[in-house]
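Take a look at the structure set out below.
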Amino acid sequence: MRLTRFAEFLEKLEKTSSRIEITKILTNLLNESDQSEIDKVVYLSLGMLAPNYQGTILNLAEKMMLRTLAYAYQKDLTEVTSLYKKEGDVGLVAQELGERLKVKDKNLTVTDVYEKLLAIAEDGGGGSQERKVGKMAKLIGEIDPLSARFITRIPVGKLRLGFSEKTVIAALAAQDPKLEKEIEAAYNIRPDIGYIAGLVKENKLDTVEPEIGVPVAPMLAQRLNSTSEMVKKMGEVSVEPKFDGLRIFIHYRRKDNLIKIFTRNMNSIDIDTFPELKEVGKFIHADEAILDSEAIGVDPKREMFLDFQKTIQRRRKHDIGKTASEIPLQFQIFDLIYINGKSLINEPYLKRREILEKTVQNGGLLRIDENVITDNPDVIKDLHQKYLKMGLEGVVVKRANGTYVSGRTGWNWVKMKEVEGTRGKLSDTIDCVVMG
DNA sequence: CCTGATGCGTC
DNA sequence: GTCGGAC
DNA sequence: GTCCGACGACGCATCAGG
């Protein structure tokens, strides 16, 4: 697909606010994209180059883009900056300057542009800022002003077209509700929207299975402050403590001792960041497993939980040994998504927990969240108070028979916290005994 | 080496 | 993480 | 209710330049 054609679609999408309309336009765009580049069309339309878990980052944002524009259009940085202050958007600045200079497009395709952006992302090390700016400026010099409007917004993360993955899925389904469910299910276990778009085109959706090393889209909790409403919406529930740490998915395969770690946003974390997980296989009684957990720092004597700011210091690349001994981590495990080649996504929660309890050795590095099963709002309220008193964030309440549904849709997981804005105001450590 | 600017990612 | 707008 | 985008606090990583 020609970039100019692509830009026409983006312009139409930008002008449209109704999501039904957006979905229709996207369906047309996807229909016009062939198998070889539908993934790139999808990535670029969402302002991305690859799924998060591949860690492809441009490292070129607002300030460097302004430098890029100055260089590309041979203007002073001060002039570009003042234009930007006026317009508030790098895309409009690029388009305006491009129109003034009557920049002609060089017939680039979406694939061409994608590959040039990827090259910028892959550059790094000494002198890379200048090279990134140079490559980006060269690209801008080869595309028409309307395309420049959108392409320049991609690195700064401000495409602002009013749709995201969910809408792309709806567009791929093209009004077929059954297909939409299938695409969504596939996306949730292979959260690579470009890849999924390709599969839809090829009619190969049914080949998607959970995989060790590929993150599953995380299940999230709605917020609700009434325990009676919880019971009304969910019936029998499992009530668990809510820890103030980092959401961490642990993937383990015994055969080759493969250990992969992912965050809530499906970003990959280097195993050296959490060296204690190098031995995780000792505590998992399975050949393969995907665990869902909250990582939380504890004081070296393992008597107290640390607050969030202290815990997050463990997400660093340098001085790991020192930090790791000062801030030991423990992993509060609360779900098992996959075991020994079998997906548990469609199993009810209590069933997953039952298998989890047999699979994970509880205590030490991995600790299974304690839980109370109830349908009594007062019991939930009491537990909430209990956990708050212990210095925890509150409770997570889960529908006893709920499946693992990615995202925040529906009423399967609900959280209840205390007040807003208390984060960061806590003392260094929280005075309570570590449980598990 | 150190410092500041910039970019990124967590909640 | 929260909030508010558009649907 | 759902989806999207704007926003904030905080702290680390990376690079440029002295």
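If you're wondering about the labels, chains in the structure tokens are A, B, ... by order shown, residues count from 1 in each chain, ligands from 1 in order shown.
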message: Counting only C-alpha atoms (C1' of nucleotides), a student should be able to say which residues of chain A come within 10 Å of chain B; what is the right answer, written as a list in words?
response: Ile57, Leu58, Asn59, Leu60, Ala61, Glu62, Lys63, Met64, Val156, Asp244, Gly245, Leu246, Arg247, Thr263, Arg264, Asn265, Asn267, Phe308, Gln309, Ile312, Arg315 and Arg423 of chain A
- prompt: Residues of chain A within 8 Å of chain C, using only C-alpha atoms (C1' of nucleotides), as a PyMOL selection string?
  reply: chain A and resi 17-19
- request: Using only C-alpha atoms (C1' of nucleotides), determine which residues of chain A fall within 9 Å of chain D; present them as a list in words.
  value: Gly125, Gly126, Gly127, Ser128, Gln129, Arg160, Gly162, Phe163, Ser164, Lys166, Thr167, Gln309, Ile312, Gln313, Arg315, Arg316, Lys317, Thr409, Gly410, Arg423 and Gly424 of chain A
Which of range 286-316 of chain A DSSP labels helix (DSSP H, G or I), written as a VMD selection string: chain A and resid 308 to 312
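Residue neighbourhood of range 400-405 of chain A, excluding near-sequence residues (fewer than 4 positions): Met219, Glu236, Val237, Ser238, Ile345, Asn346, Glu347, Pro348, Tyr349, Leu350 and Asn412 of chain A, at 7 Å, using only C-alpha atoms (C1' of nucleotides).
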message: Let me make sure I understand: among A:Leu306, A:Val239, A:Ile327, A:Ile261, which one has the smallest atom-to-atom distance to Tyr387 in chain A if we use only C-alpha atoms?
response: A:Val239
- prompt: Could you write out, as a list in words, all the residues of range 302-398 of chain A that DSSP marks as strand (DSSP E or B)?
  reply: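 These are the residues in question: Phe305, Leu306, Leu329, Gln330, Phe331, Gln332, Ile333, Phe334, Asp335, Leu336, Ile337, Tyr338, Ile339, Lys342, Ser343, Val360, Gly363, Leu366, Arg367, Ile368, Val372, Ile373, Thr374, Gly394, Val395, Val396, Val397 and Lys398 of chain A.
For Glu279 in chain A, the non-local neighbours within 12 Å, defined as residues at least 6 positions apart in the same chain or in other chains and counting only C-alpha atoms (C1' of nucleotides), are A:Ile250, A:Tyr252, A:Arg253, A:Arg254, A:Asn257, A:Leu258, A:Ile259, A:Ile271, A:Asp272, A:Gly364, A:Leu365, A:Leu366.
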I need the residues from that last selection saved to file as an mmCIF file, in the first residue's frame (with N, CA, C and O atoms), if you can.
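Contents of the output file again.cif:
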```cif
data_model
loop_
_atom_site.group_PDB
_atom_site.id
_atom_site.type_symbol
_atom_site.label_atom_id
_atom_site.label_comp_id
_atom_site.auth_asym_id
_atom_site.auth_seq_id
_atom_site.Cartn_x
_atom_site.Cartn_y
_atom_site.Cartn_z
ATOM 1 N N ILE A 250 5.218 -14.857 35.436
ATOM 2 C CA ILE A 250 6.406 -15.727 35.391
ATOM 3 C C ILE A 250 6.126 -16.888 34.445
ATOM 4 O O ILE A 250 5.161 -17.637 34.647
ATOM 5 N N TYR A 252 7.701 -20.351 32.923
ATOM 6 C CA TYR A 252 8.762 -21.315 33.231
ATOM 7 C C TYR A 252 8.629 -22.581 32.390
ATOM 8 O O TYR A 252 7.528 -23.107 32.222
ATOM 9 N N ARG A 253 9.757 -23.023 31.847
ATOM 10 C CA ARG A 253 9.796 -24.318 31.136
ATOM 11 C C ARG A 253 11.022 -25.083 31.601
ATOM 12 O O ARG A 253 12.150 -24.624 31.465
ATOM 13 N N ARG A 254 10.791 -26.260 32.166
ATOM 14 C CA ARG A 254 11.877 -27.028 32.791
ATOM 15 C C ARG A 254 12.884 -27.547 31.769
ATOM 16 O O ARG A 254 14.100 -27.486 32.006
ATOM 17 N N ASN A 257 15.108 -24.913 30.945
ATOM 18 C CA ASN A 257 15.181 -23.928 32.017
ATOM 19 C C ASN A 257 14.897 -22.509 31.515
ATOM 20 O O ASN A 257 15.553 -21.557 31.879
ATOM 21 N N LEU A 258 13.892 -22.413 30.652
ATOM 22 C CA LEU A 258 13.506 -21.108 30.128
ATOM 23 C C LEU A 258 12.675 -20.361 31.165
ATOM 24 O O LEU A 258 11.671 -20.873 31.647
ATOM 25 N N ILE A 259 13.138 -19.166 31.528
ATOM 26 C CA ILE A 259 12.390 -18.341 32.472
ATOM 27 C C ILE A 259 12.188 -16.976 31.837
ATOM 28 O O ILE A 259 13.156 -16.299 31.477
ATOM 29 N N ILE A 271 15.876 -11.372 33.055
ATOM 30 C CA ILE A 271 15.943 -12.250 34.233
ATOM 31 C C ILE A 271 16.973 -11.747 35.243
ATOM 32 O O ILE A 271 16.821 -11.922 36.457
ATOM 33 N N ASP A 272 18.008 -11.047 34.761
ATOM 34 C CA ASP A 272 19.013 -10.532 35.680
ATOM 35 C C ASP A 272 18.463 -9.446 36.602
ATOM 36 O O ASP A 272 19.070 -9.130 37.632
ATOM 37 N N GLY A 364 8.612 -18.876 51.193
ATOM 38 C CA GLY A 364 9.881 -18.449 50.617
ATOM 39 C C GLY A 364 9.665 -17.556 49.422
ATOM 40 O O GLY A 364 8.936 -16.573 49.498
ATOM 41 N N LEU A 365 10.278 -17.917 48.315
ATOM 42 C CA LEU A 365 10.237 -17.060 47.129
ATOM 43 C C LEU A 365 8.817 -16.873 46.586
ATOM 44 O O LEU A 365 8.411 -15.764 46.258
ATOM 45 N N LEU A 366 8.104 -17.958 46.472
ATOM 46 C CA LEU A 366 6.742 -17.890 45.935
ATOM 47 C C LEU A 366 5.749 -18.115 47.067
ATOM 48 O O LEU A 366 5.901 -19.048 47.852
#
```
message: What does the structure give for the distance between CA of Asp287 in chain A and CA of Tyr53 in chain A, in Å to one decimal?
response: 22.9 Å
message: Which residues are close to Lys260 in chain A, i.e. within 10 Å by only C-alpha atoms (C1' of nucleotides), leaving aside same-chain residues fewer than 5 positions away? Reply as number ranges by chain.
response: A: 212-215, 249-253, 268-271, 277-278, 290
Next, dump the selected residues to file, keeping only C-alpha atoms, as a compact mmCIF listing (two decimals), in the first residue's frame.
```txt
# COMPACT_ATOMS: atom_id res chain seq x y z
CA ILE A 212 5.77 -20.18 27.29
CA GLY A 213 7.62 -16.96 26.49
CA VAL A 214 4.65 -15.12 25.00
CA PRO A 215 2.70 -13.02 27.49
CA PHE A 249 3.96 -12.86 35.03
CA ILE A 250 6.41 -15.73 35.39
CA HIS A 251 6.85 -18.14 32.49
CA TYR A 252 8.76 -21.31 33.23
CA ARG A 253 9.80 -24.32 31.14
CA SER A 268 9.64 -8.22 28.99
CA ILE A 269 11.94 -7.94 32.01
CA ASP A 270 15.48 -9.28 31.90
CA ILE A 271 15.94 -12.25 34.23
CA LEU A 277 13.77 -16.15 39.86
CA LYS A 278 16.65 -18.04 38.29
CA ILE A 290 2.61 -19.44 33.51
```
Find the spatial neighbours of range 79-87 of chain A, counting only C-alpha atoms (C1' of nucleotides), within a cut-off of 8 Å - ignore same-chain residues fewer than 4 positions away - and output them as an mmCIF file with N, CA and C atoms, in the first residue's frame.
```
data_model
loop_
_atom_site.group_PDB
_atom_site.id
_atom_site.type_symbol
_atom_site.label_atom_id
_atom_site.label_comp_id
_atom_site.auth_asym_id
_atom_site.auth_seq_id
_atom_site.Cartn_x
_atom_site.Cartn_y
_atom_site.Cartn_z
ATOM 1 N N LEU A 66 11.525 17.685 17.354
ATOM 2 C CA LEU A 66 11.651 19.097 16.980
ATOM 3 C C LEU A 66 12.992 19.340 16.287
ATOM 4 N N LEU A 69 12.653 18.035 12.802
ATOM 5 C CA LEU A 69 11.897 18.897 11.889
ATOM 6 C C LEU A 69 12.752 20.075 11.434
ATOM 7 N N ALA A 70 13.497 20.639 12.393
ATOM 8 C CA ALA A 70 14.370 21.761 12.033
ATOM 9 C C ALA A 70 15.373 21.323 10.964
ATOM 10 N N LYS A 75 15.132 24.707 9.059
ATOM 11 C CA LYS A 75 14.669 25.859 9.841
ATOM 12 C C LYS A 75 15.460 25.922 11.134
ATOM 13 N N LEU A 92 1.142 18.641 12.984
ATOM 14 C CA LEU A 92 0.686 19.858 12.295
ATOM 15 C C LEU A 92 1.873 20.708 11.864
ATOM 16 N N VAL A 93 2.891 20.767 12.718
ATOM 17 C CA VAL A 93 4.091 21.534 12.373
ATOM 18 C C VAL A 93 4.748 20.937 11.129
#
```
query: Which of these, A:Ile368, A:Ala94, A:Ile154, A:Ala324, has the shortest distance to Ser293 in chain A once you count only C-alpha atoms?
result: A:Ile368
message: Would you pick out the contacts of range 173-188 of chain A at 10 Å or less, using only C-alpha atoms (C1' of nucleotides), so that residues sharing its chain but fewer than 3 positions from it are not included, and give the list as a VMD selection string?
response: chain A and resid 20 23 to 24 26 to 28 30 to 31 165 to 170 191 to 197 199 to 200 205 to 210 215 to 219 345 405 to 407
Could you save those same residues with N, CA, C and O atoms as a compact mmCIF listing (two decimals), in the first residue's frame?
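This is the output file again-v5.txt:
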```
# COMPACT_ATOMS: atom_id res chain seq x y z
N ILE A 20 -18.27 3.44 15.69
CA ILE A 20 -18.86 2.59 14.65
C ILE A 20 -18.32 3.00 13.29
O ILE A 20 -17.93 2.15 12.48
N THR A 23 -14.69 2.08 12.96
CA THR A 23 -14.54 0.64 12.70
C THR A 23 -14.75 0.34 11.23
O THR A 23 -14.01 -0.45 10.63
N LYS A 24 -15.73 0.99 10.63
CA LYS A 24 -15.99 0.76 9.20
C LYS A 24 -14.81 1.21 8.33
O LYS A 24 -14.40 0.51 7.40
N LEU A 26 -11.74 1.46 9.27
CA LEU A 26 -10.63 0.53 9.51
C LEU A 26 -10.82 -0.76 8.72
O LEU A 26 -9.87 -1.33 8.18
N THR A 27 -12.06 -1.23 8.67
CA THR A 27 -12.33 -2.46 7.90
C THR A 27 -11.92 -2.26 6.44
O THR A 27 -11.28 -3.13 5.84
N ASN A 28 -12.26 -1.11 5.89
CA ASN A 28 -11.85 -0.83 4.51
C ASN A 28 -10.33 -0.80 4.38
O ASN A 28 -9.79 -1.35 3.42
N LEU A 30 -8.16 -2.32 6.19
CA LEU A 30 -7.61 -3.68 6.32
C LEU A 30 -7.89 -4.51 5.07
O LEU A 30 -7.07 -5.32 4.66
N ASN A 31 -9.05 -4.28 4.47
CA ASN A 31 -9.37 -5.01 3.24
C ASN A 31 -8.42 -4.64 2.11
O ASN A 31 -8.13 -5.45 1.24
N GLU A 165 -6.32 -1.16 20.00
CA GLU A 165 -6.41 -2.57 19.60
C GLU A 165 -7.84 -3.09 19.55
O GLU A 165 -8.20 -3.83 18.64
N LYS A 166 -8.64 -2.74 20.54
CA LYS A 166 -10.01 -3.27 20.60
C LYS A 166 -10.79 -2.94 19.33
O LYS A 166 -11.57 -3.76 18.83
N THR A 167 -10.61 -1.73 18.87
CA THR A 167 -11.35 -1.31 17.68
C THR A 167 -10.79 -1.99 16.43
O THR A 167 -11.56 -2.32 15.51
N VAL A 168 -9.49 -2.22 16.42
CA VAL A 168 -8.90 -2.96 15.29
C VAL A 168 -9.48 -4.37 15.24
O VAL A 168 -9.81 -4.90 14.17
N ILE A 169 -9.66 -4.96 16.41
CA ILE A 169 -10.25 -6.30 16.45
C ILE A 169 -11.68 -6.27 15.90
O ILE A 169 -12.06 -7.10 15.08
N ALA A 170 -12.43 -5.25 16.32
CA ALA A 170 -13.80 -5.13 15.79
C ALA A 170 -13.78 -4.96 14.28
O ALA A 170 -14.61 -5.53 13.56
N PRO A 191 -0.85 -11.42 22.25
CA PRO A 191 -1.21 -10.00 22.15
C PRO A 191 -0.32 -9.23 21.18
O PRO A 191 0.29 -8.24 21.51
N ASP A 192 -0.31 -9.72 19.97
CA ASP A 192 0.45 -9.09 18.89
C ASP A 192 -0.56 -8.80 17.78
O ASP A 192 -0.89 -9.66 16.97
N ILE A 193 -1.06 -7.55 17.77
CA ILE A 193 -2.20 -7.22 16.92
C ILE A 193 -1.86 -7.34 15.43
O ILE A 193 -2.70 -7.72 14.62
N GLY A 194 -0.61 -7.06 15.08
CA GLY A 194 -0.19 -7.20 13.68
C GLY A 194 -0.22 -8.66 13.25
O GLY A 194 -0.73 -9.00 12.18
N TYR A 195 0.31 -9.50 14.08
CA TYR A 195 0.34 -10.93 13.81
C TYR A 195 -1.09 -11.48 13.70
O TYR A 195 -1.42 -12.25 12.79
N ILE A 196 -1.94 -11.06 14.63
CA ILE A 196 -3.33 -11.54 14.63
C ILE A 196 -4.05 -11.10 13.36
O ILE A 196 -4.79 -11.86 12.74
N ALA A 197 -3.79 -9.86 12.94
CA ALA A 197 -4.42 -9.36 11.70
C ALA A 197 -4.03 -10.26 10.53
O ALA A 197 -4.87 -10.60 9.69
N LEU A 199 -3.21 -13.40 10.71
CA LEU A 199 -3.90 -14.69 10.86
C LEU A 199 -5.34 -14.60 10.37
O LEU A 199 -5.86 -15.53 9.74
N VAL A 200 -6.00 -13.49 10.68
CA VAL A 200 -7.39 -13.34 10.25
C VAL A 200 -7.44 -13.37 8.73
O VAL A 200 -8.29 -14.03 8.13
N LEU A 205 -6.81 -18.43 12.53
CA LEU A 205 -6.91 -18.03 13.93
C LEU A 205 -6.81 -19.19 14.90
O LEU A 205 -6.31 -19.06 16.01
N ASP A 206 -7.32 -20.34 14.46
CA ASP A 206 -7.40 -21.48 15.39
C ASP A 206 -6.04 -22.06 15.74
O ASP A 206 -5.93 -22.95 16.56
N THR A 207 -4.98 -21.53 15.12
CA THR A 207 -3.65 -22.06 15.44
C THR A 207 -3.07 -21.43 16.70
O THR A 207 -2.02 -21.83 17.16
N VAL A 208 -3.76 -20.43 17.28
CA VAL A 208 -3.18 -19.71 18.41
C VAL A 208 -3.40 -20.45 19.73
O VAL A 208 -4.53 -20.77 20.09
N GLU A 209 -2.33 -20.72 20.41
CA GLU A 209 -2.37 -21.35 21.73
C GLU A 209 -1.45 -20.58 22.65
O GLU A 209 -0.50 -19.96 22.18
N PRO A 210 -1.71 -20.60 23.95
CA PRO A 210 -0.74 -19.98 24.87
C PRO A 210 0.61 -20.63 24.71
O PRO A 210 0.72 -21.80 24.34
N PRO A 215 3.59 -13.43 26.40
CA PRO A 215 2.70 -13.02 27.49
C PRO A 215 1.23 -13.15 27.12
O PRO A 215 0.87 -13.06 25.95
N VAL A 216 0.43 -13.40 28.13
CA VAL A 216 -1.03 -13.38 27.99
C VAL A 216 -1.51 -12.01 28.44
O VAL A 216 -0.99 -11.46 29.41
N ALA A 217 -2.47 -11.43 27.74
CA ALA A 217 -3.00 -10.12 28.15
C ALA A 217 -3.57 -10.24 29.55
O ALA A 217 -4.38 -11.13 29.82
N PRO A 218 -3.15 -9.36 30.46
CA PRO A 218 -3.51 -9.54 31.86
C PRO A 218 -4.98 -9.28 32.15
O PRO A 218 -5.60 -8.42 31.54
N MET A 219 -5.49 -10.01 33.10
CA MET A 219 -6.83 -9.75 33.62
C MET A 219 -6.69 -8.62 34.62
O MET A 219 -5.77 -8.60 35.44
N ILE A 345 -7.14 -20.95 30.88
CA ILE A 345 -7.87 -19.70 30.75
C ILE A 345 -9.38 -19.88 30.89
O ILE A 345 -10.06 -19.05 31.48
N VAL A 405 -10.36 -13.72 32.12
CA VAL A 405 -10.77 -12.83 31.04
C VAL A 405 -9.83 -11.62 31.00
O VAL A 405 -9.79 -10.84 31.95
N SER A 406 -9.10 -11.47 29.94
CA SER A 406 -8.16 -10.36 29.84
C SER A 406 -8.87 -9.02 29.86
O SER A 406 -10.01 -8.91 29.41
N GLY A 407 -8.20 -8.03 30.40
CA GLY A 407 -8.77 -6.70 30.43
C GLY A 407 -9.69 -6.49 31.61
O GLY A 407 -9.73 -7.30 32.55
```
